[in-house]
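> model23.cif is reproduced in full below (mmCIF, C-alpha atoms).
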data_my_file
loop_
_atom_site.label_atom_id
_atom_site.label_comp_id
_atom_site.auth_asym_id
_atom_site.auth_seq_id
_atom_site.Cartn_x
_atom_site.Cartn_y
_atom_site.Cartn_z
CA MET S 283 -27.93 15.18 -0.74
CA ALA S 284 -25.49 18.04 -1.33
CA TYR S 285 -21.97 17.39 -0.09
CA ILE S 286 -20.58 19.45 2.77
CA PRO S 287 -16.75 19.40 2.98
CA PRO S 288 -15.94 16.93 5.78
CA HIS S 289 -13.06 19.09 6.99
CA MET S 290 -15.89 21.16 8.48
CA ARG S 291 -18.60 18.50 8.59
CA ARG S 292 -18.92 14.83 7.69
CA SER S 293 -21.01 13.09 4.93
CA GLU S 294 -22.82 8.86 0.51
CA ASP S 295 -25.08 7.61 -2.43
CA VAL S 296 -26.84 4.66 -4.11
CA ARG S 297 -26.37 2.54 -7.17
CA ARG S 298 -27.76 3.81 -10.43
CA ALA S 299 -27.35 2.24 -13.87
CA SER S 300 -25.20 4.09 -16.42
CA PRO S 301 -27.32 5.63 -19.21
CA PHE S 302 -24.81 5.04 -22.02
CA PRO S 303 -25.47 2.90 -25.09
CA GLU S 304 -23.42 -0.27 -25.43
CA THR S 305 -23.94 -3.55 -27.17
CA LEU S 306 -24.94 -6.35 -24.81
CA GLN S 307 -21.70 -8.18 -25.52
CA ALA S 308 -19.50 -5.19 -24.76
CA GLN S 309 -21.51 -4.33 -21.68
CA PHE S 310 -21.30 -7.90 -20.37
CA GLN S 311 -17.52 -7.99 -20.91
CA ARG S 312 -17.00 -4.71 -19.06
CA ILE S 313 -19.12 -5.93 -16.16
CA MET S 314 -17.21 -9.22 -15.90
CA ASN S 315 -13.82 -7.49 -16.08
CA LEU S 316 -14.82 -5.05 -13.35
CA ARG S 317 -16.18 -7.79 -11.14
CA ALA S 318 -12.96 -9.77 -11.59
CA SER S 319 -11.06 -6.77 -10.28
CA THR S 320 -13.38 -6.17 -7.32
CA SER S 321 -14.55 -9.67 -6.45
CA HIS S 322 -13.86 -9.32 -2.74
CA GLN S 323 -15.27 -6.70 -0.44
CA ASN S 324 -12.34 -4.82 1.04
CA LYS S 325 -11.09 -5.94 4.42
CA SER S 326 -9.78 -2.59 5.57
CA GLY S 327 -11.01 0.74 4.29
CA ASN S 328 -10.60 0.85 0.51
CA ILE S 329 -8.15 -2.07 0.41
CA VAL S 330 -9.25 -4.89 -1.90
CA TYR S 331 -7.91 -8.45 -1.77
CA ALA S 332 -7.96 -10.95 -4.62
CA ASP S 333 -9.84 -14.24 -4.21
CA HIS S 334 -6.53 -16.11 -3.93
CA ALA S 335 -4.73 -13.48 -1.84
CA ILE S 336 -2.06 -14.61 0.61
CA SER S 337 -1.61 -12.78 3.91
CA LYS S 338 1.18 -13.79 6.29
CA TRP S 339 3.13 -12.47 9.26
CA PHE S 340 6.28 -13.71 10.95
CA ALA S 341 9.21 -12.36 12.95
CA VAL S 342 12.96 -12.51 12.36
CA GLY S 343 15.35 -12.31 15.30
CA LEU S 344 13.85 -15.21 17.30
CA ASP S 345 16.09 -17.35 19.51
CA ASP S 346 17.41 -20.78 18.52
CA GLY S 347 14.21 -22.42 19.74
CA GLY S 348 12.03 -20.17 17.56
CA HIS S 349 10.79 -18.11 20.51
CA PHE S 350 10.84 -14.38 21.18
CA PRO S 351 13.91 -13.45 23.26
CA PRO S 352 13.25 -11.94 26.72
CA ASN S 353 14.31 -8.48 25.57
CA ILE S 354 11.25 -8.24 23.30
CA HIS S 355 7.98 -6.96 24.73
CA LEU S 356 4.78 -5.20 23.66
CA GLU S 357 4.12 -1.54 24.29
CA PRO S 358 1.04 0.59 23.52
CA ILE S 359 1.58 3.73 21.48
CA SER S 360 -0.72 6.70 20.98
CA LEU S 361 -1.72 7.78 17.48
CA LYS S 362 -3.17 11.10 16.36
CA SER S 363 -6.45 9.28 15.71
CA GLY S 364 -6.71 8.44 19.41
CA GLU S 365 -6.05 4.72 18.86
CA LYS S 366 -3.54 2.89 21.04
CA PRO S 367 -2.26 -0.16 19.17
CA LEU S 368 0.59 -2.35 20.41
CA VAL S 369 4.07 -2.52 18.88
CA LEU S 370 6.97 -4.88 19.51
CA VAL S 371 9.84 -3.15 21.30
CA ASN S 372 13.43 -4.36 21.76
CA SER S 373 14.96 -3.31 25.09
CA VAL S 374 18.48 -4.18 23.91
CA VAL S 375 20.23 -1.14 22.52
CA THR S 376 21.93 -2.36 19.33
CA GLU S 377 21.66 -5.11 16.75
CA GLU S 378 25.18 -6.29 17.66
CA ASP S 379 24.08 -6.81 21.28
CA CYS S 380 21.20 -8.95 20.04
CA LYS S 381 23.51 -11.09 17.92
CA LEU S 382 25.71 -11.83 20.91
CA GLU S 383 22.76 -13.41 22.72
CA ARG S 384 22.11 -16.09 20.09
CA ASN S 385 23.73 -18.01 17.27
CA CYS S 386 22.09 -17.55 13.88
CA SER S 387 22.64 -20.22 11.24
CA LYS S 388 21.01 -18.01 8.59
CA SER S 389 21.07 -14.31 7.97
CA PRO S 390 17.82 -12.37 8.48
CA TRP S 391 17.48 -11.59 4.76
CA GLU S 392 17.89 -15.29 3.92
CA ILE S 393 15.06 -16.16 6.31
CA ILE S 394 12.82 -13.46 4.85
CA ALA S 395 13.67 -14.46 1.26
CA GLU S 396 12.81 -18.12 1.89
CA ASN S 397 9.43 -17.19 3.37
CA VAL S 398 8.59 -14.66 0.66
CA HIS S 399 9.82 -16.68 -2.33
CA GLN S 400 7.43 -19.60 -1.92
CA GLU S 401 4.39 -17.35 -1.49
CA LEU S 402 5.46 -15.03 -4.30
CA VAL S 403 5.76 -17.84 -6.84
CA SER S 404 2.35 -19.20 -5.83
CA SER S 405 0.70 -15.76 -6.02
CA PHE S 406 2.23 -14.94 -9.38
CA GLU S 407 1.03 -18.19 -10.92
CA SER S 408 -2.53 -17.32 -9.94
CA LEU S 409 -2.03 -13.76 -11.12
CA ARG S 410 -0.65 -14.85 -14.51
CA LYS S 411 -3.96 -16.56 -15.32
CA GLU S 412 -5.83 -13.38 -14.43
CA ILE S 413 -3.58 -11.18 -16.57
CA ASP S 414 -3.84 -13.52 -19.56
CA GLY S 415 -7.62 -13.49 -19.27
CA GLN S 416 -8.00 -9.70 -19.30
CA GLY S 417 -9.28 -7.76 -22.27
CA SER S 418 -8.09 -4.34 -23.37
CA GLU S 419 -7.74 -2.93 -19.85
CA LYS S 420 -4.09 -3.01 -18.83
CA VAL S 421 -3.25 -4.84 -15.59
CA LYS S 422 0.07 -3.86 -13.99
CA PRO S 423 1.65 -6.08 -11.30
CA ALA S 424 4.00 -4.52 -8.75
CA LEU S 425 6.17 -6.04 -6.04
CA VAL S 426 6.79 -3.45 -3.35
CA ALA S 427 8.85 -3.44 -0.16
CA ARG S 428 7.49 -0.92 2.36
CA LEU S 429 9.09 0.28 5.56
CA GLY S 430 7.21 1.13 8.74
CA LYS S 431 6.10 -0.26 12.07
CA ILE S 432 3.64 -3.13 12.44
CA HIS S 433 0.73 -2.25 14.71
CA PHE S 434 -1.24 -4.96 16.50
CA ARG S 435 -4.86 -4.24 17.30
CA GLY S 436 -7.43 -6.12 19.32
CA SER S 437 -9.89 -8.46 17.64
CA HIS S 438 -13.03 -10.35 18.60
CA LEU S 439 -10.67 -13.06 19.89
CA MET S 440 -8.51 -10.86 22.06
CA GLY S 441 -8.81 -7.36 23.50
CA LEU S 442 -5.69 -5.29 24.12
CA GLU S 443 -6.59 -4.77 27.78
CA THR S 444 -6.13 -8.51 28.46
CA VAL S 445 -2.63 -8.70 26.97
CA ASN S 446 0.38 -9.69 29.05
CA LYS S 447 2.86 -7.36 27.38
CA THR S 448 5.99 -8.97 28.79
CA GLN S 449 5.38 -12.50 27.47
CA VAL S 450 5.29 -12.53 23.69
CA GLU S 451 4.53 -15.60 21.59
CA GLU S 452 4.15 -15.90 17.83
CA SER S 453 0.91 -17.89 18.01
CA PHE S 454 -0.47 -15.32 20.43
CA LEU S 455 0.25 -12.36 18.11
CA ARG S 456 -1.48 -14.09 15.20
CA LYS S 457 -4.81 -13.54 16.96
CA PHE S 458 -4.53 -9.79 16.50
CA ARG S 459 -5.40 -7.63 13.55
CA ARG S 460 -2.33 -5.92 12.14
CA SER S 461 -1.45 -2.98 9.94
CA LEU S 462 1.74 -1.31 8.77
CA TYR S 463 2.13 2.27 9.92
CA THR S 464 4.29 3.84 7.21
CA ASP S 465 4.99 7.30 8.64
CA ILE S 466 8.78 7.63 8.86
CA PRO S 467 10.58 10.07 11.23
CA SER S 468 12.06 13.06 9.40
CA SER S 469 15.55 12.28 10.75
CA TYR S 470 15.37 8.81 9.22
CA MET S 471 14.18 10.23 5.91
CA GLU S 472 17.11 12.66 5.84
CA ASN S 473 19.54 9.82 6.54
CA ILE S 474 18.16 7.82 3.60
CA ILE S 475 18.40 10.75 1.17
CA ASP S 476 21.77 12.08 2.35
CA GLY S 477 23.49 8.89 3.50
CA VAL S 478 22.01 5.89 1.68
CA VAL S 479 21.02 7.16 -1.77
CA PRO S 480 24.57 8.27 -2.72
CA VAL S 481 26.08 4.82 -2.00
CA ILE S 482 23.58 2.32 -3.44
CA GLY S 483 24.00 3.06 -7.13
CA VAL S 484 20.74 4.82 -7.97
CA ASP S 485 20.10 7.80 -10.25
CA PHE S 486 17.66 10.57 -9.49
CA GLU S 487 14.69 10.08 -11.81
CA GLY S 488 12.62 13.11 -10.94
CA GLU S 489 10.01 14.60 -8.62
CA LYS S 490 6.25 14.35 -9.10
CA ASP S 491 3.62 16.55 -7.50
CA VAL S 492 0.33 14.67 -7.87
CA TYR S 493 -3.23 15.08 -6.63
CA HIS S 494 -5.27 11.88 -6.33
CA VAL S 495 -9.06 12.10 -6.40
CA LYS S 496 -10.69 8.94 -5.02
CA LEU S 497 -14.15 8.20 -6.38
CA SER S 498 -16.77 5.66 -5.44
CA ASP S 499 -18.55 4.18 -8.42
CA ASN S 500 -22.22 4.06 -7.44
CA ALA S 501 -22.89 1.42 -10.11
CA TRP S 502 -20.31 -0.92 -8.50
CA PRO S 503 -19.99 -0.34 -4.74
CA TYR S 504 -16.68 -2.21 -4.34
CA ALA S 505 -14.93 -0.39 -7.19
CA THR S 506 -12.94 2.65 -6.08
CA THR S 507 -11.59 4.72 -8.96
CA SER S 508 -8.42 6.74 -8.54
CA CYS S 509 -7.86 9.79 -10.74
CA LYS S 510 -4.29 11.08 -10.90
CA CYS S 511 -3.95 14.77 -11.69
CA SER S 512 -1.21 17.34 -12.11
CA VAL S 513 -1.54 21.09 -11.59
CA MET S 514 -1.51 23.57 -14.46
CA GLU S 515 -0.20 27.14 -14.23
CA ASN S 516 -3.74 28.46 -13.80
CA LYS S 517 -4.07 26.36 -10.61
CA LYS S 518 -6.46 23.93 -12.29
CA LEU S 519 -6.10 20.18 -12.18
CA VAL S 520 -5.51 18.22 -15.37
CA LEU S 521 -6.35 14.51 -15.39
CA TYR S 522 -3.72 12.18 -16.83
CA LYS S 523 -4.59 8.70 -15.55
CA VAL S 524 -7.66 6.81 -14.32
CA GLU S 525 -7.22 3.46 -12.58
CA LEU S 526 -8.96 1.15 -10.16
CA ASN S 527 -7.62 0.88 -6.64
CA PRO S 528 -4.85 -1.73 -6.22
CA VAL S 529 -5.86 -5.33 -5.62
CA ARG S 530 -3.63 -7.13 -3.15
CA GLN S 531 -2.42 -10.53 -4.27
CA MET S 532 0.10 -11.19 -1.49
CA VAL S 533 0.98 -9.36 1.73
CA ILE S 534 3.83 -10.58 3.93
CA ASP S 535 4.58 -8.59 7.07
CA VAL S 536 7.88 -9.10 8.85
CA SER S 537 8.59 -7.93 12.39
CA CYS S 538 12.33 -7.17 12.39
CA LEU S 539 13.18 -7.55 16.07
CA ASP S 540 16.75 -6.26 15.77
CA LYS S 541 15.79 -3.16 13.80
CA ASN S 542 13.87 0.04 14.47
CA LEU S 543 11.52 -0.55 11.53
CA ASP S 544 9.54 -3.48 10.16
CA LEU S 545 9.06 -4.64 6.58
CA ARG S 546 6.13 -5.44 4.32
CA VAL S 547 6.61 -7.22 0.98
CA ALA S 548 3.45 -7.02 -1.12
CA LEU S 549 2.41 -8.08 -4.60
CA SER S 550 -0.51 -6.10 -6.00
CA THR S 551 -2.11 -5.22 -9.31
CA LYS S 552 -3.58 -2.06 -10.75
CA LYS S 553 -5.94 -1.88 -13.66
CA ILE S 554 -5.57 1.25 -15.78
CA LEU S 555 -8.91 2.18 -17.32
CA THR S 556 -8.42 2.89 -21.02
CA THR S 557 -11.91 2.23 -22.37
CA LEU S 558 -14.07 4.69 -20.48
CA THR S 559 -17.36 5.57 -22.10
CA GLU S 560 -18.18 9.18 -22.97
CA ASP S 561 -20.60 9.26 -20.04
CA GLU S 562 -17.87 8.09 -17.64
CA LYS S 563 -15.33 10.54 -19.03
CA ASN S 564 -17.76 13.44 -18.73
CA SER S 565 -18.78 12.53 -15.17
CA ILE S 566 -15.17 12.31 -14.03
CA SER S 567 -14.22 15.51 -15.87
CA ASP S 568 -17.05 17.39 -14.13
CA LEU S 569 -15.64 16.41 -10.75
CA ILE S 570 -12.06 17.29 -11.66
CA ASN S 571 -13.02 20.63 -13.25
CA SER S 572 -15.01 21.73 -10.22
CA VAL S 573 -12.31 21.07 -7.63
CA VAL S 574 -10.56 23.95 -5.86
CA LEU S 575 -6.94 23.78 -4.71
CA ASP S 576 -6.83 24.69 -1.03
CA SER S 577 -3.68 24.11 1.00
CA ASP S 578 -5.64 24.71 4.22
CA MET S 579 -7.72 21.60 3.60
CA LYS S 580 -6.52 18.10 4.41
CA GLY S 581 -5.70 16.42 1.13
CA GLY S 582 -5.22 19.86 -0.46
CA LEU S 583 -8.57 19.85 -2.30
CA ARG S 584 -12.15 20.96 -1.74
CA TRP S 585 -15.36 20.98 -3.75
CA PRO S 586 -18.04 23.67 -3.83
CA LEU S 587 -21.31 22.78 -2.19
CA GLY S 588 -23.12 20.09 -4.17
CA LYS S 589 -20.22 19.50 -6.61
CA ALA S 590 -18.67 16.39 -5.00
CA SER S 591 -20.84 13.99 -7.02
CA SER S 592 -21.53 13.76 -10.72
CA GLY S 593 -24.61 12.53 -12.52
CA GLY S 594 -25.44 9.97 -9.85
CA ARG S 595 -22.49 7.84 -11.03
CA TYR S 596 -19.40 8.98 -9.13
CA SER S 597 -18.94 10.52 -5.69
CA VAL S 598 -15.76 11.88 -4.15
CA ILE S 599 -14.66 9.81 -1.15
CA GLY S 600 -11.06 10.91 -0.71
CA ALA S 601 -8.31 13.31 -1.69
CA TRP S 602 -4.56 12.85 -1.61
CA HIS S 603 -1.70 15.20 -2.32
CA THR S 604 1.66 13.48 -2.78
CA VAL S 605 5.11 14.84 -3.58
CA THR S 606 7.39 11.97 -4.56
CA LYS S 607 11.10 11.84 -5.33
CA ALA S 608 12.08 8.79 -7.38
CA TYR S 609 15.47 7.14 -7.75
CA LYS S 610 16.11 4.23 -10.08
CA SER S 611 18.59 1.42 -10.68
CA SER S 612 18.49 -1.60 -12.95
CA SER S 613 16.87 -3.66 -10.15
CA PHE S 614 14.48 -1.36 -8.33
CA ARG S 615 12.91 2.05 -8.06
CA LEU S 616 13.20 3.86 -4.73
CA LYS S 617 10.45 6.33 -3.85
CA VAL S 618 10.53 8.89 -1.07
CA ARG S 619 7.10 10.43 -0.58
CA ASP S 620 5.37 13.12 1.43
CA ALA S 621 1.64 12.40 1.50
CA ASP S 622 -1.36 14.36 2.75
CA ARG S 623 -4.51 12.21 2.71
CA PHE S 624 -8.13 12.77 3.64
CA ASP S 625 -10.95 10.20 3.76
CA PHE S 626 -14.30 11.93 3.27
CA LYS S 627 -16.33 9.00 4.62
CA SER S 628 -14.60 8.77 7.98
CA GLY S 629 -13.70 12.45 8.22
CA SER S 630 -10.11 11.52 9.09
CA GLY S 631 -6.81 12.48 7.53
CA GLU S 632 -3.10 12.00 7.96
CA VAL S 633 0.17 13.52 6.83
CA THR S 634 2.98 10.99 6.40
CA ARG S 635 6.53 10.61 5.14
CA GLU S 636 7.01 7.27 3.39
CA ILE S 637 9.77 5.20 1.82
CA TYR S 638 9.23 2.19 -0.41
CA LEU S 639 11.03 0.20 -3.10
CA LYS S 640 9.40 -1.19 -6.23
CA LEU S 641 11.28 -4.39 -7.09
CA LYS S 642 10.77 -4.07 -10.84
CA ARG S 643 13.48 -6.49 -12.00
CA ILE S 644 11.93 -9.39 -10.08
CA VAL S 645 8.51 -8.68 -11.59
CA SER S 646 9.98 -8.48 -15.10
CA GLU S 647 11.79 -11.79 -14.58
CA MET S 648 8.66 -13.51 -13.30
CA GLN S 649 6.68 -12.37 -16.32
CA GLU S 650 9.13 -14.05 -18.70
CA PRO S 651 8.15 -17.48 -20.04
CA GLY S 652 10.14 -20.21 -18.31
CA ALA S 653 11.40 -17.97 -15.49
CA GLU S 654 13.71 -19.96 -13.23
CA SER S 655 12.80 -20.21 -9.57
CA ASP S 656 16.46 -20.18 -8.44
CA SER S 657 17.11 -16.94 -10.34
CA ILE S 658 14.10 -15.25 -8.75
CA SER S 659 15.15 -16.48 -5.31
CA SER S 660 18.65 -15.08 -5.79
CA MET S 661 17.35 -11.66 -6.91
CA LEU S 662 14.93 -11.58 -4.00
CA GLU S 663 17.69 -12.37 -1.52
CA ASP S 664 19.97 -9.66 -2.97
CA SER S 665 17.20 -7.07 -2.73
CA LEU S 666 16.31 -8.03 0.84
CA ARG S 667 19.96 -7.89 1.91
CA LEU S 668 20.20 -4.33 0.58
CA ILE S 669 16.99 -3.38 2.38
CA TRP S 670 18.16 -4.98 5.64
CA ASP S 671 21.60 -3.38 5.57
CA LYS S 672 20.72 0.09 4.27
CA PHE S 673 17.06 0.84 4.97
CA LEU S 674 16.00 -1.03 8.12
CA LEU S 675 18.11 1.05 10.51
#
Before we go any further, please render this structure as structure tokens.

Amino acid sequence: MAYIPPHMRRSEDVRRASPFPETLQAQFQRIMNLRASTSHQNKSGNIVYADHAISKWFAVGLDDGGHFPPNIHLEPISLKSGEKPLVLVNSVVTEEDCKLERNCSKSPWEIIAENVHQELVSSFESLRKEIDGQGSEKVKPALVARLGKIHFRGSHLMGLETVNKTQVEESFLRKFRRSLYTDIPSSYMENIIDGVVPVIGVDFEGEKDVYHVKLSDNAWPYATTSCKCSVMENKKLVLYKVELNPVRQMVIDVSCLDKNLDLRVALSTKKILTTLTEDEKNSISDLINSVVLDSDMKGGLRWPLGKASSGGRYSVIGAWHTVTKAYKSSSFRLKVRDADRFDFKSGSGEVTREIYLKLKRIVSEMQEPGAESDSISSMLEDSLRLIWDKFLL
């Protein structure tokens, strides 16, 4: 069926074998590598989790008995999508006021580091076996700290309408589905760029203006391919990287009760596709060459009628336009990003401002043979202290 741009209407396809010649051995290897990368059906949208993935949530800022203090309660908030998830709200004005109400034997970043370190080491050990077993396709691990607000949504166990919002318990919140809403207020973004960046020892690395074309692979329903493109002077896109969607190995969400924002520490992998067949290259090129830049469209891109699929193999399912400023130090890379996203399947889009840190030194250390656990723990604690003091305002 011809594709109608979902910004005006809403609209999918079926599996078809690829008609390219390969030896049975090469074909079998490609199939096994792809299945290893997409072995789990995603749990949320296009998010894919590894077989051994770890998912965890906890809160810092509890009282001495490990309970939520009375100044913490749940409040519903309204999103542009019409959803009304719950968020944890602190009725005490400042972090110093919170500290006066309880004695803390450990700092918040120490508590977070202890919880993350154990899971990180376990996840990386499983991941190391996967990386060692890969063929020519390059697998890149990344440890990322994201800032945002944790949203709690109802589940089959508990509907939001039944919630007592004034009595909050950790075991109670675990029954809800959760997500991290990463849209940052513009005032906070300005404070980070103007107030934090100059004092944390980072150098400006550059700015990237990138269009991301998200494709479903009709031969492998769980494999979402991401094509990264830059814009040429003639307003045409030029493709410079093709990769599979990230696979989550570990996700640890932290509700920071004494701060305005929450934290997510996540370990994920990306597989850069370097051995595309001529048929795959041509199908992807057809889609990229037919796209039209259109700032009036969500995601910044549109396709002429009938041009959003190619040869029965790939179909466009999403478009992103991101403008990212990057700052780097010897330990991490800070990214400040404006993103405009559109999901063609759901017909929904969002414009967000995001801040995240890629903890590259920790990943490099963990990839070294004989990496010491104490050294990794120390680096993790230093990074989390910086994030707590400078970013979680």
> Evaluating the PyMOL selection byres ((chain S and resi 391) around 8) on the displayed file yields which residues, as an mmCIF file with C-alpha atoms, in the coordinates of the input?

data_model
loop_
_atom_site.group_PDB
_atom_site.id
_atom_site.type_symbol
_atom_site.label_atom_id
_atom_site.label_comp_id
_atom_site.auth_asym_id
_atom_site.auth_seq_id
_atom_site.Cartn_x
_atom_site.Cartn_y
_atom_site.Cartn_z
ATOM 1 C CA SER S 389 21.070 -14.310 7.970
ATOM 2 C CA PRO S 390 17.820 -12.370 8.480
ATOM 3 C CA GLU S 392 17.890 -15.290 3.920
ATOM 4 C CA ILE S 393 15.060 -16.160 6.310
ATOM 5 C CA ILE S 394 12.820 -13.460 4.850
ATOM 6 C CA ALA S 395 13.670 -14.460 1.260
ATOM 7 C CA GLU S 663 17.690 -12.370 -1.520
ATOM 8 C CA LEU S 666 16.310 -8.030 0.840
ATOM 9 C CA ARG S 667 19.960 -7.890 1.910
ATOM 10 C CA TRP S 670 18.160 -4.980 5.640
#
> Calculate how many Å separate CA of Ser461 (chain S) from CA of Lys431 (chain S), rounding to one decimal.
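CA of Lys431 (chain S) lies 8.3 Å from CA of Ser461 (chain S).
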> How far is it from CA of Ser508 (chain S) to CA of Tyr638 (chain S), in Å with one decimal?
20.0 Å
> When you count all atoms listed in the file, which of these residues is closest to Ser659 (chain S): S:Val403, S:Ile336, S:Val481, S:Val605?
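Closest to Ser659 (chain S) of all the choices is S:Val403.
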> Applied to this file, what does the PyMOL selection byres ((chain S and resi 546-560) around 7) return in terms of residues, put as a list of chain:residue names?
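Written out, the selection comes to S:Glu419, S:Lys420, S:Val421, S:Lys422, S:Pro423, S:Ala424, S:Leu425, S:Val426, S:Ala427, S:Arg428, S:Leu429, S:Val524, S:Glu525, S:Leu526, S:Asn527, S:Pro528, S:Val529, S:Arg530, S:Gln531, S:Met532, S:Val533, S:Ile534, S:Asp535, S:Val536, S:Leu545, S:Asp561, S:Glu562, S:Lys563, S:Asn564.
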> Any idea what's packed within 7 Å of Glu357 (chain S), counting only C-alpha atoms, ignoring anything in its chain fewer than 6 positions away? Could you give it as a ChimeraX atom specification?
/S:368-371,447
> Separation of CA of Arg595 (chain S) and CA of Trp502 (chain S), in Å?
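Here the two named atoms are 9.4 Å from each other.
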> Excluding region 646-658 of chain S and its own-chain neighbours fewer than 6 positions away, which residues fall within 10 Å of it when counting all atoms listed in the file? Please give them as a VMD selection string.
chain S and resid 399 to 400 402 to 403 406 to 407 410 423 to 424 613 664
> Specify as a list in words each residue included when the PyMOL selection byres ((chain S and resi 614) around 6) is applied to this file.
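Taken over the shown coordinates, the PyMOL selection byres ((chain S and resi 614) around 6) returns Ser611, Ser613, Arg615, Lys640, Leu641 and Lys642 of chain S.
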> Point out the residue among S:Ser665, S:Val618, S:Phe626, S:Asp568 with the least atom-to-atom distance to Asn473 (chain S), counting all atoms listed in the file.
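Smallest separation from Asn473 (chain S) among the options: S:Val618.
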> Return as JSON the centre and edge lengths, in Å with one decimal, of the box along x, y and z that encloses every atom of region 508-522 of chain S in the file, padded by 3 Å per side.

{"center_x": -4.3, "center_y": 17.6, "center_z": -12.7, "size_x": 14.2, "size_y": 27.7, "size_z": 14.3}
> Counting all atoms listed in the file, figure out which residue out of S:Ser660, S:Ser591, S:Ser387, S:Asn372 gets nearest to Lys496 (chain S).
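Between S:Ser660, S:Ser591, S:Ser387, S:Asn372, the residue approaching Lys496 (chain S) most closely is S:Ser591.
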> Check the smallest atom-to-atom distance from each of S:Gly629, S:Gly582, S:Gly430, S:Gly436 to Val492 (chain S) using all atoms listed in the file, then report the winner.
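Closest to Val492 (chain S) of all the choices is S:Gly582.
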> Could you tell me which of S:Leu361, S:Cys511, S:Val478, S:Val495 comes closest to Arg584 (chain S) if we count all atoms listed in the file?
S:Val495
> I'd like the contact shell of Ile570 (chain S) - 8 Å cut-off, all atoms listed in the file, skipping same-chain residues fewer than 2 positions apart - returned as a list of chain:residue names.
S:Val495, S:Leu519, S:Val520, S:Leu521, S:Ile566, S:Ser567, S:Asp568, S:Ser572, S:Val573
> Have region 424-435 of chain S completed to N, CA, C and O atoms, please, and pass it along as a CSV table (one decimal), keeping the file's coordinate frame.

chain,number,residue,atom,x,y,z
S,424,ALA,N,2.9,-5.2,-9.4
S,424,ALA,CA,4.0,-4.5,-8.8
S,424,ALA,C,4.4,-5.3,-7.5
S,424,ALA,O,3.5,-5.7,-6.7
S,425,LEU,N,5.7,-5.5,-7.3
S,425,LEU,CA,6.2,-6.0,-6.0
S,425,LEU,C,6.9,-4.9,-5.3
S,425,LEU,O,7.8,-4.3,-5.8
S,426,VAL,N,6.3,-4.6,-4.1
S,426,VAL,CA,6.8,-3.4,-3.4
S,426,VAL,C,7.2,-3.8,-2.0
S,426,VAL,O,6.6,-4.6,-1.3
S,427,ALA,N,8.4,-3.3,-1.5
S,427,ALA,CA,8.8,-3.4,-0.2
S,427,ALA,C,8.6,-2.1,0.6
S,427,ALA,O,9.2,-1.1,0.1
S,428,ARG,N,7.8,-2.1,1.6
S,428,ARG,CA,7.5,-0.9,2.4
S,428,ARG,C,8.1,-1.0,3.7
S,428,ARG,O,8.2,-2.1,4.4
S,429,LEU,N,8.5,0.2,4.2
S,429,LEU,CA,9.1,0.3,5.6
S,429,LEU,C,8.1,0.9,6.5
S,429,LEU,O,7.3,1.8,6.1
S,430,GLY,N,8.1,0.5,7.8
S,430,GLY,CA,7.2,1.1,8.7
S,430,GLY,C,7.3,0.4,10.0
S,430,GLY,O,8.3,-0.3,10.4
S,431,LYS,N,6.2,0.4,10.8
S,431,LYS,CA,6.1,-0.3,12.1
S,431,LYS,C,4.8,-1.0,12.1
S,431,LYS,O,3.7,-0.4,11.9
S,432,ILE,N,4.8,-2.3,12.4
S,432,ILE,CA,3.6,-3.1,12.4
S,432,ILE,C,2.9,-2.8,13.7
S,432,ILE,O,3.4,-2.9,14.8
S,433,HIS,N,1.6,-2.5,13.6
S,433,HIS,CA,0.7,-2.2,14.7
S,433,HIS,C,-0.2,-3.5,14.9
S,433,HIS,O,-0.8,-4.0,14.0
S,434,PHE,N,-0.3,-3.9,16.2
S,434,PHE,CA,-1.2,-5.0,16.5
S,434,PHE,C,-2.4,-4.4,17.2
S,434,PHE,O,-2.3,-3.6,18.2
S,435,ARG,N,-3.6,-4.7,16.7
S,435,ARG,CA,-4.9,-4.2,17.3
S,435,ARG,C,-5.7,-5.4,17.8
S,435,ARG,O,-5.6,-6.5,17.3
